[in-house]
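Q: Structure provided below as structure tokens; questions to follow.
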2 protein chains.
Amino acid sequence: MRVTTVALAAVLVLGMPTGQPHAAEGPITGFPGAQTEAQRELEARFDAGLDAEDLRSWMQHLSSRPHHVGSPFGREVAEFIAERFREWGYDTEVETYQVLFPTPRIRRLEMVAPTRFTAALEEPVLTEDRTSDQKDEQLPTYNAYSIDGDVTGELVYVNYGVPADYEELERRGIDVTGKVVIARYGGSWRGIKPKVAAEHGAIGCLIYSDPRDDGYAQGDVYPDGPYRMADGAQRGSVADMPLFPGDPLTPNVGATEDAERLDLDDAPTLTKIPVLPISYADAQPLLAALAGPLAPAGWRGGLPQTYHLGPGPARVHLELVFNWDIEPAYNVIARLEGRERADQWVLRGNHHDAWVNGAADPISGLVAMMAEAKAIGGLARTGWQPRRTIVFTAWDAEEPGLIGSTEWGEHHADELRERAVAYINTDGNGRGFLNMSGSHTLERFINEVARDVTDPETGVSVFDRRHARRLAGGDTEDLAATGDHRINALGSGSDYTPFLQHLGIASLNLGYGGESGGGSYHSIFDSFDHYTRFIDPTFAYGIALAQTAGRAVLRLADAELLPWDFTAFEATVSRYADEVMTLTDDMRDETARQNRLLRDGRFTHAADPTETYAPPDPEDPVPHLNFAPVRNALVGLAESARAHDVARRALVAGSDRLSTDQARAVDEILFRTERSMTHPEGLPGRPWFVHQIYAPGFYTGYGVKTLPGVREAIEERAWDEVQRQISRLAETIRQVATDIDRATQFLEPAGP
Amino acid sequence: MRVTTVALAAVLVLGMPTGQPHAAEGPITGFPGAQTEAQRELEARFDAGLDAEDLRSWMQHLSSRPHHVGSPFGREVAEFIAERFREWGYDTEVETYQVLFPTPRIRRLEMVAPTRFTAALEEPVLTEDRTSDQKDEQLPTYNAYSIDGDVTGELVYVNYGVPADYEELERRGIDVTGKVVIARYGGSWRGIKPKVAAEHGAIGCLIYSDPRDDGYAQGDVYPDGPYRMADGAQRGSVADMPLFPGDPLTPNVGATEDAERLDLDDAPTLTKIPVLPISYADAQPLLAALAGPLAPAGWRGGLPQTYHLGPGPARVHLELVFNWDIEPAYNVIARLEGRERADQWVLRGNHHDAWVNGAADPISGLVAMMAEAKAIGGLARTGWQPRRTIVFTAWDAEEPGLIGSTEWGEHHADELRERAVAYINTDGNGRGFLNMSGSHTLERFINEVARDVTDPETGVSVFDRRHARRLAGGDTEDLAATGDHRINALGSGSDYTPFLQHLGIASLNLGYGGESGGGSYHSIFDSFDHYTRFIDPTFAYGIALAQTAGRAVLRLADAELLPWDFTAFEATVSRYADEVMTLTDDMRDETARQNRLLRDGRFTHAADPTETYAPPDPEDPVPHLNFAPVRNALVGLAESARAHDVARRALVAGSDRLSTDQARAVDEILFRTERSMTHPEGLPGRPWFVHQIYAPGFYTGYGVKTLPGVREAIEERAWDEVQRQISRLAETIRQVATDIDRATQFLEPAGP
């Protein structure tokens with residue numbers, strides 16, 4: 001078992017006591033009786049097919065040159081992956097879409113007052129990083145889907161540039177209309193910053209990496225350590241993905257050669273103002289030239305200076321011109337046909353395109369997925385065939401906006417809605433602790449997997465290592481009532497979004513991290529040299545990820561009955577419902593409090609009269625809302641979930657078995673419960689997002705909003721809309737409960 | 001009324017709407033019936049005697065040259081003050097003590113590896129600051145009562161250098177034995193840093209001002225703004241004042257010419273290792289030369305570099321040699337004899353010595369006190385005489401260790417225990433909000449004063465302005481049940497300590513602040529230029545302080561019956577008792593949790609095996625303690641406090657009056673309740689501190705420990721000592737209750 005050798009080598013090198021090696025045991029949901037033992041034996045053979053040297057050599061090759069969408073090496077990367085899948089016995093095709101991908105022709109940023117300064121906008125070549133000198137193939141630092149622009153204006157520092165930051169500016173009498181804003185990375189997904197800036201009247205937006213959040217304050221900078229150096233900058237998309245991800249010109253349909261396309265001028269997800277990311281070396285002179293009020297304490301970053309808000313006297317000139325090209329995006333799709341339920345597809349994916357060389361993002365996750373595919377291919381060569389069809393997917397054009405996965409998902413929407421059991425995503429991976437996010441119907445399932453994978457550094461299960469970290473960190477909440485780790489809900493930021501939130505396919509996103517520094521993100525230094533020095537030198541966690549996601553794929557593909565569970569789902573949705581009710585109550589109290597303080601002049605009396613202060617406007621009182629429909633629906637859901645659990649346990653304990661047709665019928669109900677969580681009209685103002693439980697926030701970007709219809713309407717104080725969304729949510733919950741009841745009927749001795 | 005003009009001028013200059021002018025009204029405790037009106041009339045005349053121009057000109061003179069203890073101008077300052085008091089009609093004397101005051105002969109700090117660097121240890125001369133060039137008279141940057149030393153060792157960064165920081169270092173396998181530590185200012189009183197460093201085996205200690213806490217991260221640096229610039233350093237005492245303050249050679253007795261003195265070698269409050277304060281310009285090369293583990297996130301300061309812990313490779317050589325001189329300390333004591341209860345003394349004090357020019361610290365408070373004395377002298381010239389004796393005190397040698405006040409307090413201990421009604425202290429003052437700390441028997445009293453003083457910037461009372469700030473800041477706790485602001489308990493840091501904590505005299509410490517930046521503290525830039533640009537340019541808050549402390553003095557001096565109240569005291573001590581019980585319970589839970597995690601290997605499993613990690617040792621379980629004696633005593637105290645309040649209110653409402661003798665007798669009981677809060681044996685290990693309710697923490701220095709005997713024994717896990725301290729505390733509370741009952745008897749119709 002090569003993997004054990006690698007893991008032990010890592011442990012020995014690191015000088016850790018190995019302790020009692022962790023051993024997987026106990027039943028596996030969906031594998032009754034002796035099937036559990038057979039499955040464990042299969043997984044041991046799967047593990048034996050994983051080799052850290054594969055991961056290393058694939059990464060070295062795949063990150064050897066820049067490979068963004070449309071690049072020469074990007075095509076080679078797709079072909080290399082497809083070639084491997086074919087070698088390993090998969091029915092493989094490359095599906096190509098034609099997608100909008102702007103690249104910069106002119107990038108100019110200069111300060112024109114009170115002194116002149118021209119930003120370098122250039123990451124340096126380092127001898128310690130062997131691929132950093134590939135200037136001809138590297139994309140320069142820019143934000144994709146910024147519009148063209150040529151603007152000059154006074155500068156204003158807006159902290160993270162989220163809506164609350166503009167409220168703080170208003171309190172200080174600062175208006176950004178006609179100004180260029182400079183925001184620091186963090187606090188939201190980057191695309192939120194130009195969107196909110198434009199909503200407030202700004203004419204341009206700079207986004208810089210502050211050394212407090214992403215530089216020397218985090219740790220030693222590259223090449224001494226993994227963190228971002230003064231000249232490092234973060235590329236990234238700023239398309240308005242909370243509206244819809246994917247190709248900006250082909251919402252809702254696959255960007256095939258002949259797809260109908262929007263005119264560029266009508267594309268709603270392009271920014272409204274020009275945007276450029278810059279390094280802290282380029283930001284420092286601009287920030288140092290700001291006068292005006294002192295930035296609030298929480299806004300001050302790590303530069304050795306006093307942070308002021310402006311406006312001015314710094315004035316900047318920003319000119320951006322892009323090539324608005326259509327480029328081919330190559331998705332690699334590799335199928336291993338199921339033996340019994342071939343029309344039930346277990347999807348597994350990771351993107352392959354990168355902003356530059358992308359050793360960590362995305363290659364570290366991709367090579368783990370390739371190792372899984374190779375090992376599963378090895379099992380298939382010995383005669384094993386999965387019960388269901390396994391589909392490995394390697395996406396192009398994730399970086400500019402989840403484009404490869406979204407176009408494929410839109411293109412094959414009907415088929416996927418019919419057949420997709422679940423989608424398991426990975427992306428960048430590192431040393432440390434297992435992160436599990438996704439659909440709560442799979443919470444129990446993925447916790448079971450985590451209990452069966454051994455952490456390479458400590459020898460305990462990755463479940464236990466994660467638990468140890470939470471306990472040692474003083475987390476008193478500990479585990480859910482089920483004894484499982486609560487998994488996080490998915491917002492956005494990787495390729496699960498089209499599957500989960502557009503198609504209603506239960507999804508998981510998996511990855512390890514927390515012990516490896518992250519300063520190479522979206523820079524030319526996300527390289528093999530950086531990764532193998534600082535992230536996961538032995539690829540032990542690449543193997544751990546392959547073991548984790550591989551088990552998830554194998555169990556979903558082979559289970560006699562899909563391992564869906566609704567108790568954690570019900571508990572989680574109930575918790576979310578409590579949250580939105582509490583949110584409303586807190587808003588009501590806070591609104592009343594603030595209005596009372598305004599009436600009594602408290603804000604004015606508390607303010608320093610030597611500084612400008614504008615109190616907030618009074619708000620309308622927050623009404624009491626009728627949450628009873630959701631509460632009542634949840635009572636039904638709890639009963640359905642409990643009955644299903646009881647029936648399922650009785651089936652496992654008893655001697656009855658479902659017939660294959662019965663089991664297939666139950667499967668179809670189970671995996672489609674996620675479809676029932678969607679509504680065809682989608683969310684208010686953004687119909688592409690149809691999931692009623694999980695969505696990326698309209699003003700957070702990556703950050704999830706659970707029960708998004710209700711929650712965002714509350715946040716927007718749109719009380720009539722809240723009431724409509726409450727009804728819709730109740731209807732959604734009742735539909736899921738009805739599905740569960742239908743599945744449960746099959747499991748009960750009488751049958752349906 | 002000159003003051004109104006000044007205040008309005010400030011308001012107009014600042015462009016604030018004046019709104020409805022605040023008007024004092026309602027009864028004043030201790031002034032029954034028509035006496036209230038007479039008192040308000042007296043206070044209006046007092047206000048009319050205050051002149052902001054006096055404050056300005058006195059400050060300009062008193063801060064025109066350095067005036068530390070033993071300096072030529074220090075003596076002139078004392079004489080100037082004494083002269084004024086005499087002019088204003090006070091019976092004034094200068095009481096002189098002979099006190100140990102070391103000044104530096106050699107200060108050398110150099111890095112000897114891995115590169116060489118010699119620290120400048122010098123604050124620059126600025127043309128914008130007219131007194132910054134007085135090099136001949138300025139004390140250099142140093143920490144008073146550091147021992148002499150010549151040490152060389154590897155450097156370790158210890159964050160704030162408090163005990164918890166050394167636990168973090170231990171977790172990372174770092175031992176400071178034989179090393180020089182560098183700590184940043186903050187997190188505790190500075191003297192704690194070398195004390196704790198020495199306890200852990202360090203051989204030297206540097207203390208620097210980090211720009212995050214005290215420099216550009218707080219705001220613009222001098223001379224652009226008020227904050228500390230790169231070359232600024234903070235002088236200050238590092239004597240072990242939590243053991244005892246005052247002259248290190250004469251604990252417990254006044255440092256008169258012929259007092260018995262300890263040998264220098266036996267003086268327990270001198271540091272055990274050499275200590276030097278440095279600027280961030282001097283600290284930066286040292287910190288940048290440290291390797292070793294990354295400093296924990298909360299330890300990283302504002303320098304533009306990654307903070308490492310060491311040890312080394314930076315090695316530093318620190319050489320310090322002092323002149324161990326005995327210098328004269330001149331206390332100015334000015335008396336205005338009382339007309340009826342002359343042997344009841346109301347004490348009012350502020351120190352006059354400074355580290356350098358000291359415009360803010362202490363002159364801003366001193367000139368307010370002088371204005372009070374002048375105005376009260378003016379009242380006396382019109383025939384008014386206070387009921388009780390008023391004693392104004394201007395202390396020398398506060399900066400090196402509360403020496404002037406402590407020596408006077410020790411010297412006159414018997415007389416003061418007999419006669420002192422209360423001590424009202426001020427020190428530095430600035431623009432903003434009223435801070436009130438002190439004895440909770442005076443909480444109601446000082447809140448009443450705060451309701452009657454008008455804030456110069458807003459026109460509301462200073463009580464309301466403070467309330468507005470708390471409400472606007474989101475403070476939901478709001479006011480105490482009494483409707484008053486809770487006043488803070490006193491730890492240490494100014495001249496109230498000998499009166500409150502050594503002699504058991506009820507004390508208050510008053511000052512305004514919160515709108516003026518504080519980067520000049522203990523530097524050559526604490527100057528008239530700095531103060532009048534950045535702190536309180538119009539002296540409006542100097543006037544507000546004089547109005548506040550002056551009212552407190554006048555009311556304490558003139559009240560028919562001293563305005564003591566025990567309901568807030570009882571509520572506060574009950575809260576403290578709850579706190580120490582909760583502390584014990586939390587420690588018990590946390591100890592059990594930590595031992596369980598240790599047993600299960602959780603810390604080791606959570607740790608990154610590529611870094612050194614040493615789990616903490618298991619602790620003995622925390623026993624359940626018997627707090628019943630304190631609880632029972634508090635039940636009695638609550639009843640006594642309630643009965644006293646009822647009797648006092650009945651007296652005010654009724655037509656009965658106490659005879660002068662009766663009132664005097666009640667007074668004597670009331671003000672001596674604070675004596676009953678002391679115990680002759682003092683606190684464990686530090687008998688000088690006798691107060692059982694308030695003390696500076698042994699490991700916090702300035703920060704208060706309430707119920708110190710019990711609380712510190714819990715923190716030290718000395719469970720037998722806790723039980724002894726609980727008994728003593730219960731006895732203390734019962735004694736106070738007995739005193740209250742005795743006073744109450746006089747108030748009741750039957751009389752005692």
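Ligands are numbered from 1 in the order shown, residues from 1 within each chain, and chains are lettered A, B, ... in the order they appear in the structure tokens.
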Give one line per residue of chain B that approaches chain A to at most 6 Å, naming the two atoms of the closest pair and their distance in Å to one decimal, counting only C-alpha atoms; sort by chain then ascending residue number and deliver it as JSON lines.

A:
```
{"residue": "B:Leu14", "atom": "CA", "partner": "A:Thr610", "partner_atom": "CA", "distance": 5.7}
{"residue": "B:Tyr216", "atom": "CA", "partner": "A:Thr306", "partner_atom": "CA", "distance": 5.0}
{"residue": "B:Ala217", "atom": "CA", "partner": "A:Thr306", "partner_atom": "CA", "distance": 5.4}
{"residue": "B:Gly219", "atom": "CA", "partner": "A:Thr306", "partner_atom": "CA", "distance": 5.4}
{"residue": "B:Asp220", "atom": "CA", "partner": "A:Thr306", "partner_atom": "CA", "distance": 5.7}
{"residue": "B:Pro304", "atom": "CA", "partner": "A:Pro304", "partner_atom": "CA", "distance": 5.6}
{"residue": "B:Gln305", "atom": "CA", "partner": "A:Tyr216", "partner_atom": "CA", "distance": 5.4}
{"residue": "B:Thr306", "atom": "CA", "partner": "A:Tyr216", "partner_atom": "CA", "distance": 5.0}
{"residue": "B:Arg465", "atom": "CA", "partner": "A:His605", "partner_atom": "CA", "distance": 5.9}
{"residue": "B:Ala468", "atom": "CA", "partner": "A:Arg602", "partner_atom": "CA", "distance": 4.6}
{"residue": "B:Arg469", "atom": "CA", "partner": "A:Ala606", "partner_atom": "CA", "distance": 4.4}
{"residue": "B:Ala472", "atom": "CA", "partner": "A:Phe603", "partner_atom": "CA", "distance": 5.5}
{"residue": "B:Arg602", "atom": "CA", "partner": "A:Ala468", "partner_atom": "CA", "distance": 4.6}
{"residue": "B:Phe603", "atom": "CA", "partner": "A:Ala472", "partner_atom": "CA", "distance": 5.5}
{"residue": "B:His605", "atom": "CA", "partner": "A:Arg465", "partner_atom": "CA", "distance": 5.9}
{"residue": "B:Ala606", "atom": "CA", "partner": "A:Arg469", "partner_atom": "CA", "distance": 4.4}
{"residue": "B:Thr610", "atom": "CA", "partner": "A:Leu14", "partner_atom": "CA", "distance": 5.7}
```

Q: Mind dumping the selected residues with N, CA and C atoms as a CSV table (one decimal), in the first residue's frame?

A:
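Okay, part12.csv is ready:
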```
chain,number,residue,atom,x,y,z
B,14,LEU,N,-16.7,75.4,17.1
B,14,LEU,CA,-16.9,74.1,16.7
B,14,LEU,C,-18.1,73.9,15.8
B,216,TYR,N,1.3,55.3,14.5
B,216,TYR,CA,0.5,55.7,13.2
B,216,TYR,C,-0.8,54.9,13.1
B,217,ALA,N,-0.9,53.7,13.6
B,217,ALA,CA,-2.1,53.0,13.5
B,217,ALA,C,-3.3,53.6,14.3
B,219,GLY,N,-3.5,57.0,14.6
B,219,GLY,CA,-3.8,58.3,13.9
B,219,GLY,C,-2.5,59.0,13.5
B,220,ASP,N,-2.6,60.2,13.0
B,220,ASP,CA,-1.5,60.9,12.5
B,220,ASP,C,-0.5,61.2,13.6
B,304,PRO,N,5.7,47.1,9.6
B,304,PRO,CA,5.5,46.5,8.3
B,304,PRO,C,6.4,45.3,8.1
B,305,GLN,N,6.2,44.2,8.9
B,305,GLN,CA,7.0,43.1,8.9
B,305,GLN,C,6.3,41.9,9.6
B,306,THR,N,6.8,40.7,9.4
B,306,THR,CA,6.2,39.6,10.0
B,306,THR,C,6.9,39.4,11.4
B,465,ARG,N,-24.1,63.5,28.5
B,465,ARG,CA,-23.2,63.2,27.3
B,465,ARG,C,-22.5,61.9,27.4
B,468,ALA,N,-25.1,59.4,26.4
B,468,ALA,CA,-25.3,59.4,25.0
B,468,ALA,C,-24.2,58.5,24.3
B,469,ARG,N,-22.9,58.7,24.8
B,469,ARG,CA,-21.9,58.0,24.2
B,469,ARG,C,-22.0,56.5,24.4
B,472,ALA,N,-25.0,55.4,22.1
B,472,ALA,CA,-24.6,55.5,20.7
B,472,ALA,C,-23.6,54.4,20.4
B,602,ARG,N,-6.4,15.6,22.4
B,602,ARG,CA,-6.9,16.5,21.5
B,602,ARG,C,-6.0,17.7,21.1
B,603,PHE,N,-5.2,18.2,22.1
B,603,PHE,CA,-4.3,19.3,21.7
B,603,PHE,C,-3.2,18.8,20.8
B,605,HIS,N,-3.5,16.3,18.7
B,605,HIS,CA,-4.1,16.0,17.4
B,605,HIS,C,-4.4,17.3,16.6
B,606,ALA,N,-4.7,18.3,17.4
B,606,ALA,CA,-5.0,19.6,16.7
B,606,ALA,C,-3.8,20.3,16.2
B,610,THR,N,4.5,20.1,12.1
B,610,THR,CA,5.7,20.7,11.6
B,610,THR,C,6.2,21.8,12.5
```

Q: Tell me which protein, DNA and RNA residues are within 12 Å of Gly654 of chain A, counting only C-alpha atoms, leaving out same-chain ones fewer than 4 positions away, and put them as an mmCIF file with N, CA and C atoms, in the first residue's frame.

A:
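Saved result, result08.cif, follows:
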```
data_model
loop_
_atom_site.group_PDB
_atom_site.id
_atom_site.type_symbol
_atom_site.label_atom_id
_atom_site.label_comp_id
_atom_site.auth_asym_id
_atom_site.auth_seq_id
_atom_site.Cartn_x
_atom_site.Cartn_y
_atom_site.Cartn_z
ATOM 1 N N PRO A 32 -26.056 -2.974 3.416
ATOM 2 C CA PRO A 32 -26.519 -3.844 4.494
ATOM 3 C C PRO A 32 -25.671 -5.103 4.625
ATOM 4 N N GLY A 33 -25.602 -5.595 5.856
ATOM 5 C CA GLY A 33 -24.977 -6.885 6.162
ATOM 6 C C GLY A 33 -23.567 -6.995 5.616
ATOM 7 N N VAL A 646 -36.722 5.836 10.905
ATOM 8 C CA VAL A 646 -37.175 4.612 11.575
ATOM 9 C C VAL A 646 -37.337 3.483 10.558
ATOM 10 N N ALA A 647 -37.984 3.781 9.441
ATOM 11 C CA ALA A 647 -38.230 2.753 8.428
ATOM 12 C C ALA A 647 -36.912 2.235 7.853
ATOM 13 N N ARG A 648 -35.998 3.138 7.670
ATOM 14 C CA ARG A 648 -34.713 2.763 7.077
ATOM 15 C C ARG A 648 -33.914 1.873 8.035
ATOM 16 N N ARG A 649 -33.945 2.257 9.309
ATOM 17 C CA ARG A 649 -33.219 1.441 10.300
ATOM 18 C C ARG A 649 -33.862 0.075 10.429
ATOM 19 N N ALA A 650 -35.199 0.032 10.373
ATOM 20 C CA ALA A 650 -35.907 -1.246 10.482
ATOM 21 C C ALA A 650 -35.532 -2.145 9.300
ATOM 22 N N LEU A 658 -35.295 -4.811 -0.277
ATOM 23 C CA LEU A 658 -36.088 -4.273 -1.380
ATOM 24 C C LEU A 658 -35.661 -4.962 -2.665
ATOM 25 N N LEU A 747 -40.234 1.673 1.944
ATOM 26 C CA LEU A 747 -39.370 0.995 2.905
ATOM 27 C C LEU A 747 -40.162 0.197 3.919
ATOM 28 N N GLU A 748 -41.453 0.519 4.038
ATOM 29 C CA GLU A 748 -42.247 -0.150 5.080
ATOM 30 C C GLU A 748 -42.744 -1.485 4.577
ATOM 31 N N PRO A 749 -42.899 -2.430 5.503
ATOM 32 C CA PRO A 749 -43.231 -3.803 5.100
ATOM 33 C C PRO A 749 -44.400 -3.868 4.113
#
```

Q: Would you list the contacts of Gly338 of chain B as a list in words, taking every protein, DNA or RNA residue within 9 Å and counting only C-alpha atoms, but skipping same-chain residues closer than 6 positions in sequence?

A: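 Here the answer would be Gln344, Trp345, Gln385, Pro386, Arg387, Arg388, Thr389, Ile390, Ala557 and Asp558 of chain B.
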
Q: Since we have the selection now, will you write its residues out, keeping C-alpha atoms, as a short mmCIF file (atom, residue, chain, number, x, y, z; two decimals), in the first residue's frame?

A:
```cif
data_model
loop_
_atom_site.label_atom_id
_atom_site.label_comp_id
_atom_site.auth_asym_id
_atom_site.auth_seq_id
_atom_site.Cartn_x
_atom_site.Cartn_y
_atom_site.Cartn_z
CA GLN B 344 -13.09 66.78 59.08
CA TRP B 345 -10.82 67.20 56.08
CA GLN B 385 -16.41 79.56 55.00
CA PRO B 386 -16.80 75.83 54.41
CA ARG B 387 -18.40 73.73 57.11
CA ARG B 388 -15.45 71.29 56.93
CA THR B 389 -11.77 71.95 56.25
CA ILE B 390 -10.69 71.82 52.60
CA ALA B 557 -17.22 70.42 52.56
CA ASP B 558 -20.59 72.09 53.11
#
```

Q: Here is a test: counting only C-alpha atoms, which residue of A:Tyr702, A:Asn159, A:Pro114, A:Phe528 is nearest to Asp213 of chain A?

A: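 Ranking A:Tyr702, A:Asn159, A:Pro114, A:Phe528 by distance to Asp213 of chain A, first place goes to A:Asn159.
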
Q: Which residues in segment 347-480 of chain B does DSSP call helix (DSSP H, G or I)? List them as a PyMOL selection string.

A: chain B and resi 359-381+403-411+413-419+440-451+462-472

Q: When you look at segment 318-321 of chain A with a cut-off of 7 Å (counting only C-alpha atoms), what residues show up, excluding the ones that are within fewer than 2 positions of it in the same chain? I need them as a list in words.

A: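 In the requested format, the answer is Pro104, Arg105, Ile106, Arg107, Arg108, Leu109, Glu110, Asp148, Gly149, Asp150, Val151, Thr152, Pro274 and Val316 of chain A.
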
Q: Can you pull out every residue within 12 Å of Ala638 of chain A, counting only C-alpha atoms, but drop anything in the same chain fewer than 5 positions away, and send it as a PyMOL selection string?

A: chain A and resi 565-574+631-633+643-645+733-734+736-738+740-741

Q: Kindly save the residues from that selection, with N, CA and C atoms included, as a compact mmCIF listing (two decimals), in the first residue's frame.

A:
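And here's again34.txt as it stands now:
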```txt
# COMPACT_ATOMS: atom_id res chain seq x y z
N ASP A 565 -30.30 11.15 4.18
CA ASP A 565 -30.83 11.23 5.56
C ASP A 565 -31.45 12.61 5.72
N PHE A 566 -32.59 12.65 6.41
CA PHE A 566 -33.31 13.92 6.47
C PHE A 566 -33.37 14.52 7.88
N THR A 567 -32.83 13.80 8.85
CA THR A 567 -32.90 14.36 10.21
C THR A 567 -31.98 15.58 10.33
N ALA A 568 -30.75 15.48 9.80
CA ALA A 568 -29.85 16.63 9.86
C ALA A 568 -30.39 17.77 8.99
N PHE A 569 -31.00 17.39 7.85
CA PHE A 569 -31.59 18.42 6.99
C PHE A 569 -32.67 19.18 7.73
N GLU A 570 -33.54 18.44 8.38
CA GLU A 570 -34.64 19.09 9.10
C GLU A 570 -34.11 19.97 10.24
N ALA A 571 -33.15 19.42 10.99
CA ALA A 571 -32.58 20.19 12.11
C ALA A 571 -31.92 21.47 11.60
N THR A 572 -31.27 21.35 10.46
CA THR A 572 -30.55 22.50 9.92
C THR A 572 -31.51 23.56 9.41
N VAL A 573 -32.54 23.13 8.67
CA VAL A 573 -33.50 24.11 8.16
C VAL A 573 -34.25 24.77 9.32
N SER A 574 -34.53 23.98 10.36
CA SER A 574 -35.17 24.58 11.54
C SER A 574 -34.27 25.64 12.16
N ARG A 631 -43.05 27.34 10.17
CA ARG A 631 -43.03 26.53 11.40
C ARG A 631 -43.88 25.27 11.24
N ASN A 632 -45.09 25.46 10.68
CA ASN A 632 -45.99 24.31 10.50
C ASN A 632 -45.40 23.31 9.50
N ALA A 633 -44.83 23.83 8.43
CA ALA A 633 -44.23 22.93 7.44
C ALA A 633 -43.08 22.15 8.06
N ALA A 643 -39.90 9.40 10.57
CA ALA A 643 -40.51 8.17 10.08
C ALA A 643 -39.59 7.49 9.06
N HIS A 644 -38.98 8.30 8.22
CA HIS A 644 -38.07 7.74 7.22
C HIS A 644 -36.88 7.07 7.89
N ASP A 645 -36.36 7.72 8.88
CA ASP A 645 -35.20 7.19 9.59
C ASP A 645 -35.56 5.86 10.26
N ILE A 733 -40.79 23.26 1.69
CA ILE A 733 -40.56 22.29 2.78
C ILE A 733 -41.62 21.20 2.74
N ARG A 734 -42.87 21.58 2.48
CA ARG A 734 -43.94 20.57 2.40
C ARG A 734 -43.69 19.60 1.25
N VAL A 736 -40.78 18.69 0.02
CA VAL A 736 -39.71 17.77 0.42
C VAL A 736 -40.28 16.71 1.36
N ALA A 737 -41.13 17.14 2.30
CA ALA A 737 -41.73 16.18 3.24
C ALA A 737 -42.57 15.15 2.48
N THR A 738 -43.30 15.60 1.47
CA THR A 738 -44.11 14.69 0.67
C THR A 738 -43.22 13.67 -0.05
N ILE A 740 -40.31 12.65 0.92
CA ILE A 740 -39.77 11.73 1.93
C ILE A 740 -40.82 10.67 2.26
N ASP A 741 -42.05 11.13 2.46
CA ASP A 741 -43.12 10.18 2.80
C ASP A 741 -43.28 9.13 1.69
```

Q: Tell me, in Å to one decimal, how far atom CA of Ala592 of chain B is from atom CA of Leu707 of chain B.

A: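 Answer for the atom CA of Ala592 of chain B to atom CA of Leu707 of chain B separation: 25.3 Å.
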
Q: If you count only C-alpha atoms, which residues fall within 8 Å of segment 115-127 of chain A, apart from same-chain ones fewer than 6 positions away, as a ChimeraX atom specification?

A: /A:108-109,133,140-141,223,231-233,278-279,282,285,314,524

Q: Compile the contact shell of Phe463 of chain B as number ranges by chain: residues with an atom at most 8 Å away, counting only C-alpha atoms, same-chain residues fewer than 2 positions apart removed.

A: B: 434, 447, 450-451, 453, 461, 465-467, 485

Q: Restricting the calculation to only C-alpha atoms: of A:Ile333, A:Val156, A:Ala113, A:Leu243, which residue gets closest to Gly685 of chain A?

A: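 For Gly685 of chain A, the nearest of the candidates is A:Leu243.
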
Q: Determine the nearest neighbour of Gly491 of chain B from the options B:Ala375, B:Val158, B:Met241, B:Ile28, counting only C-alpha atoms.

A: B:Met241

Q: Work out how far atom CA of Tyr330 of chain B is from atom CA of Ala397 of chain B, in Å to one decimal.

A: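 Rounded to one decimal, the two atoms are 8.1 Å apart.
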